[in-house]
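Below is protein-v1.pdb, which holds PDB, C-alpha atoms.
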```pdb
ATOM      1  CA  MET I 201      13.625  72.823  87.718
ATOM      2  CA  ARG I 202      10.675  70.622  86.740
ATOM      3  CA  ILE I 203       9.762  73.028  83.974
ATOM      4  CA  HIS I 204      13.272  72.810  82.520
ATOM      5  CA  ILE I 205      13.076  69.020  82.487
ATOM      6  CA  MET I 206       9.660  69.134  80.821
ATOM      7  CA  ILE I 207      10.924  71.562  78.194
ATOM      8  CA  ILE I 208      13.938  69.359  77.476
ATOM      9  CA  LEU I 209      11.719  66.274  77.174
ATOM     10  CA  PHE I 210       9.346  68.155  74.869
ATOM     11  CA  LEU I 211      12.226  69.239  72.626
ATOM     12  CA  MET I 212      13.536  65.673  72.505
ATOM     13  CA  VAL I 213      10.118  64.401  71.404
ATOM     14  CA  ILE I 214       9.863  67.082  68.720
ATOM     15  CA  ALA I 215      13.383  66.301  67.470
ATOM     16  CA  GLY I 216      12.558  62.583  67.353
ATOM     17  CA  CYS I 217       9.482  63.203  65.227
ATOM     18  CA  THR I 218      11.332  65.307  62.681
ATOM     19  CA  SER I 219      12.326  63.465  59.525
ATOM     20  CA  THR I 220      16.075  63.519  58.962
ATOM     21  CA  THR I 221      16.150  61.593  55.694
ATOM     22  CA  LYS I 222      17.748  63.415  52.826
ATOM     23  CA  ALA I 223      15.879  63.908  49.590
ATOM     24  CA  LEU I 224      17.501  62.082  46.703
ATOM     25  CA  THR I 225      17.683  63.240  43.094
ATOM     26  CA  LEU I 226      17.186  61.179  39.951
ATOM     27  CA  GLU I 227      20.859  61.717  39.093
ATOM     28  CA  GLN I 228      21.966  60.202  42.411
ATOM     29  CA  VAL I 229      19.708  57.194  41.939
ATOM     30  CA  ILE I 230      20.844  56.561  38.365
ATOM     31  CA  ALA I 231      24.496  56.890  39.401
ATOM     32  CA  ALA I 232      23.994  54.252  42.120
ATOM     33  CA  PHE I 233      22.500  51.869  39.546
ATOM     34  CA  GLN I 234      25.338  52.484  37.112
ATOM     35  CA  ASP I 235      27.852  51.861  39.917
ATOM     36  CA  GLU I 236      26.310  48.379  40.187
ATOM     37  CA  GLU I 237      26.997  47.961  36.447
ATOM     38  CA  MET I 238      23.349  48.064  35.448
ATOM     39  CA  GLN I 239      22.869  49.504  31.990
ATOM     40  CA  LEU I 240      19.896  51.864  31.745
ATOM     41  CA  HIS I 241      18.522  52.689  28.302
ATOM     42  CA  LYS I 242      15.677  55.123  27.747
ATOM     43  CA  ALA I 243      12.443  53.148  27.266
ATOM     44  CA  ASP I 244       9.602  53.980  24.899
ATOM     45  CA  GLY I 245       6.627  55.836  26.325
ATOM     46  CA  ASN I 246       3.095  54.473  26.337
ATOM     47  CA  GLU I 247       0.249  56.601  27.736
ATOM     48  CA  GLU I 248      -1.782  53.484  28.538
ATOM     49  CA  ASN I 249       0.959  51.961  30.696
ATOM     50  CA  ILE I 250      -0.248  52.236  34.294
ATOM     51  CA  PHE I 251       3.322  52.670  35.576
ATOM     52  CA  GLN I 252       3.932  55.639  33.259
ATOM     53  CA  GLN I 253       0.769  57.553  34.125
ATOM     54  CA  GLY I 254       2.276  59.231  37.170
ATOM     55  CA  ILE I 255       1.337  59.259  40.827
ATOM     56  CA  ASN I 256      -0.018  62.339  42.590
ATOM     57  CA  GLU I 257       1.339  64.655  39.897
ATOM     58  CA  VAL I 258       4.788  63.010  39.902
ATOM     59  CA  THR I 259       5.775  61.712  36.489
ATOM     60  CA  PRO I 260       8.268  58.837  36.485
ATOM     61  CA  SER I 261      11.501  58.546  34.581
ATOM     62  CA  PHE I 262      11.713  55.090  33.064
ATOM     63  CA  TYR I 263      14.423  53.003  31.504
ATOM     64  CA  GLN I 264      14.930  49.617  29.935
ATOM     65  CA  LEU I 265      16.900  47.490  32.373
ATOM     66  CA  SER I 266      17.886  43.974  31.451
ATOM     67  CA  ASP I 267      14.683  42.186  30.439
ATOM     68  CA  GLY I 268      12.231  44.644  32.028
ATOM     69  CA  VAL I 269      11.550  48.321  32.628
ATOM     70  CA  ILE I 270      12.422  50.311  35.729
ATOM     71  CA  TYR I 271      10.408  53.356  36.843
ATOM     72  CA  TYR I 272      11.782  56.036  39.157
ATOM     73  CA  TYR I 273       9.333  58.291  40.969
ATOM     74  CA  ILE I 274      11.133  61.132  42.741
ATOM     75  CA  PHE I 275       8.821  62.750  45.296
ATOM     76  CA  ASN I 276       9.536  65.935  47.233
ATOM     77  CA  SER I 277       9.536  64.128  50.571
ATOM     78  CA  GLU I 278       9.364  60.708  52.153
ATOM     79  CA  LYS I 279       5.849  61.485  53.358
ATOM     80  CA  GLU I 280       4.708  62.182  49.777
ATOM     81  CA  ARG I 281       6.376  58.956  48.632
ATOM     82  CA  ILE I 282       4.488  56.946  51.258
ATOM     83  CA  LYS I 283       1.199  58.534  50.181
ATOM     84  CA  GLY I 284       2.061  57.990  46.516
ATOM     85  CA  ARG I 285       2.731  54.293  47.023
ATOM     86  CA  GLU I 286      -0.579  53.864  48.854
ATOM     87  CA  ASP I 287      -2.430  55.695  46.085
ATOM     88  CA  PHE I 288      -0.680  53.680  43.377
ATOM     89  CA  TYR I 289      -1.796  50.370  44.820
ATOM     90  CA  HIS I 290      -5.422  51.429  44.525
ATOM     91  CA  ARG I 291      -4.910  50.802  40.796
ATOM     92  CA  PRO I 292      -5.316  47.378  39.155
ATOM     93  CA  VAL I 293      -1.619  46.439  39.051
ATOM     94  CA  GLU I 294      -1.727  42.977  40.597
ATOM     95  CA  PHE I 295      -1.722  41.321  37.171
ATOM     96  CA  VAL I 296       1.619  42.914  36.255
ATOM     97  CA  LYS I 297       4.694  41.089  37.589
ATOM     98  CA  HIS I 298       6.680  43.784  39.340
ATOM     99  CA  GLN I 299       8.676  44.603  42.424
ATOM    100  CA  ALA I 300       8.571  47.859  44.392
ATOM    101  CA  PHE I 301      11.586  49.368  46.132
ATOM    102  CA  VAL I 302      11.689  52.461  48.337
ATOM    103  CA  ILE I 303      14.313  54.738  49.820
ATOM    104  CA  ASN I 304      13.749  58.159  51.339
ATOM    105  CA  ASN I 305      11.693  60.139  48.802
ATOM    106  CA  VAL I 306      12.139  57.653  45.931
ATOM    107  CA  LEU I 307       9.704  54.966  44.802
ATOM    108  CA  ILE I 308      11.056  52.482  42.274
ATOM    109  CA  PHE I 309       9.119  49.875  40.330
ATOM    110  CA  TYR I 310      10.816  47.173  38.314
ATOM    111  CA  VAL I 311       8.396  45.541  35.888
ATOM    112  CA  TYR I 312       9.718  42.152  34.882
ATOM    113  CA  GLY I 313      10.032  41.096  31.290
ATOM    114  CA  LYS I 314      10.005  37.449  30.299
ATOM    115  CA  LYS I 315      12.481  36.461  33.005
ATOM    116  CA  GLN I 316      11.928  37.115  36.676
ATOM    117  CA  GLY I 317      14.951  36.546  38.836
ATOM    118  CA  ASP I 318      16.314  37.249  42.246
ATOM    119  CA  GLU I 319      19.696  38.194  40.811
ATOM    120  CA  LEU I 320      18.464  41.502  39.399
ATOM    121  CA  ASP I 321      16.396  42.198  42.519
ATOM    122  CA  GLN I 322      19.575  41.795  44.575
ATOM    123  CA  LYS I 323      21.484  44.183  42.301
ATOM    124  CA  ILE I 324      18.706  46.760  42.658
ATOM    125  CA  LYS I 325      18.774  46.359  46.450
ATOM    126  CA  ALA I 326      22.576  46.763  46.408
ATOM    127  CA  ALA I 327      22.294  49.983  44.396
ATOM    128  CA  ILE I 328      19.642  51.334  46.775
ATOM    129  CA  SER I 329      21.734  50.461  49.824
ATOM    130  CA  LYS I 330      24.503  52.746  48.533
ATOM    131  CA  LEU I 331      22.187  55.727  48.599
TER
END
```
Serialized structure, structure tokens:
Amino acid sequence: MRIHIMIILFLMVIAGCTSTTKALTLEQVIAAFQDEEMQLHKADGNEENIFQQGINEVTPSFYQLSDGVIYYYIFNSEKERIKGREDFYHRPVEFVKHQAFVINNVLIFYVYGKKQGDELDQKIKAAISKL
């Protein structure tokens, strides 16, 4: 009887450690942003832009959004996204006004243009909450 209880407890621990978050696609993320009436327009590429250089072999998709540019990094897993964010912040990005957002396997950076406002941050958070 004790062995059965130990086995059940072991299985519960294993189940609790297993990630149950679903991997999101770029299409799902973009659709959530469009549902919040945010207009995304393809932005111009620039190899010297630190946000466009990729993270751990993941190349971002990036779009003009309002006054700034938004970057979507779609990783294969949440664990890879966590590692990617850590690796990204080893770069000299503190001089660039930006905000990072995360959900499941997705890392999003919004790099502010001339205006920095909470209104757009709230719209981004609302779009993410729908995923």
So how far away is atom CA of Tyr273 of chain I from atom CA of Ile328 of chain I, in Å?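 Between atom CA of Ile328 of chain I and atom CA of Tyr273 of chain I the gap is 13.7 Å.
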Any chance you could tabulate, as JSON lines, the residues of segment 265-284 of chain I at most 10 Å from segment 288-292 of chain I with each one's nearest atom pair and distance in Å to one decimal, using only C-alpha atoms, in chain and rising number order?
```
{"residue": "I:Ile282", "atom": "CA", "partner": "I:Phe288", "partner_atom": "CA", "distance": 10.0}
{"residue": "I:Lys283", "atom": "CA", "partner": "I:Phe288", "partner_atom": "CA", "distance": 8.6}
{"residue": "I:Gly284", "atom": "CA", "partner": "I:Phe288", "partner_atom": "CA", "distance": 6.0}
```
Closest of I:Arg281, I:Ala243, I:Phe233, I:Tyr312 to Val296 of chain I - atom-to-atom distances counting all atoms listed in the file: I:Tyr312
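Using only C-alpha atoms, the shortest contact distance between Gln252 of chain I and any of I:Lys330, I:Asn304, I:Asp321, I:Phe309 is found at I:Phe309.
Comparing the minimum interatomic distances between Gln322 of chain I and each of I:Asn276, I:Thr259, I:Gln299, I:Asn305, counting only C-alpha atoms, we find that I:Gln299 sits nearest.
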With distances taken over all atoms listed in the file, which of I:Gln316, I:Ser329, I:Gln239, I:Ser277 is nearest to Thr221 of chain I? I:Ser277
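Nearest to Ala231 of chain I of all the residues I:Ala327, I:Ile308, I:Ile270, I:Val293 is I:Ala327, counting only C-alpha atoms.
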Given all atoms listed in the file as the basis, pick out the residue of I:Met238, I:Phe295, I:Leu307, I:Arg285 nearest to Glu319 of chain I. I:Met238
Using Å and a single decimal, report how far atom CA of Tyr263 of chain I sits from atom CA of Glu286 of chain I.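 A separation of 23.0 Å between them.
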When you draw a straight line from atom CA of Gly317 of chain I to atom CA of Phe275 of chain I, how long is it in Å? 27.7 Å
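Every protein, DNA or RNA residue with an atom at most 12 Å from His241 of chain I, where all atoms listed in the file count and chain neighbours fewer than 6 positions away do not, is listed here: Ile230, Phe233, Gln234, Ser261, Phe262, Tyr263, Gln264, Leu265, Ser266, Asp267, Gly268, Val269, Ile270 and Tyr271 of chain I.
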Taking all atoms of segment 241-258 of chain I that the file lists and extending 8 Å past them on each side, where is the centre of the axis-aligned box and how long are its edges? Answer in Å to one decimal, as JSON.
```
{"center_x": 8.4, "center_y": 58.3, "center_z": 33.7, "size_x": 36.3, "size_y": 28.7, "size_z": 33.7}
```
So what does the PyMOL selection byres ((chain I and resi 224) around 9) actually pick up in this one, as an mmCIF file with C-alpha atoms, in the frame of the given file?
```cif
data_model
loop_
_atom_site.group_PDB
_atom_site.id
_atom_site.type_symbol
_atom_site.label_atom_id
_atom_site.label_comp_id
_atom_site.auth_asym_id
_atom_site.auth_seq_id
_atom_site.Cartn_x
_atom_site.Cartn_y
_atom_site.Cartn_z
ATOM 1 C CA LYS I 222 17.748 63.415 52.826
ATOM 2 C CA ALA I 223 15.879 63.908 49.590
ATOM 3 C CA THR I 225 17.683 63.240 43.094
ATOM 4 C CA LEU I 226 17.186 61.179 39.951
ATOM 5 C CA GLU I 227 20.859 61.717 39.093
ATOM 6 C CA GLN I 228 21.966 60.202 42.411
ATOM 7 C CA VAL I 229 19.708 57.194 41.939
ATOM 8 C CA ILE I 274 11.133 61.132 42.741
ATOM 9 C CA PHE I 275 8.821 62.750 45.296
ATOM 10 C CA ASN I 276 9.536 65.935 47.233
ATOM 11 C CA ILE I 303 14.313 54.738 49.820
ATOM 12 C CA ASN I 304 13.749 58.159 51.339
ATOM 13 C CA ASN I 305 11.693 60.139 48.802
ATOM 14 C CA VAL I 306 12.139 57.653 45.931
ATOM 15 C CA LEU I 331 22.187 55.727 48.599
#
```
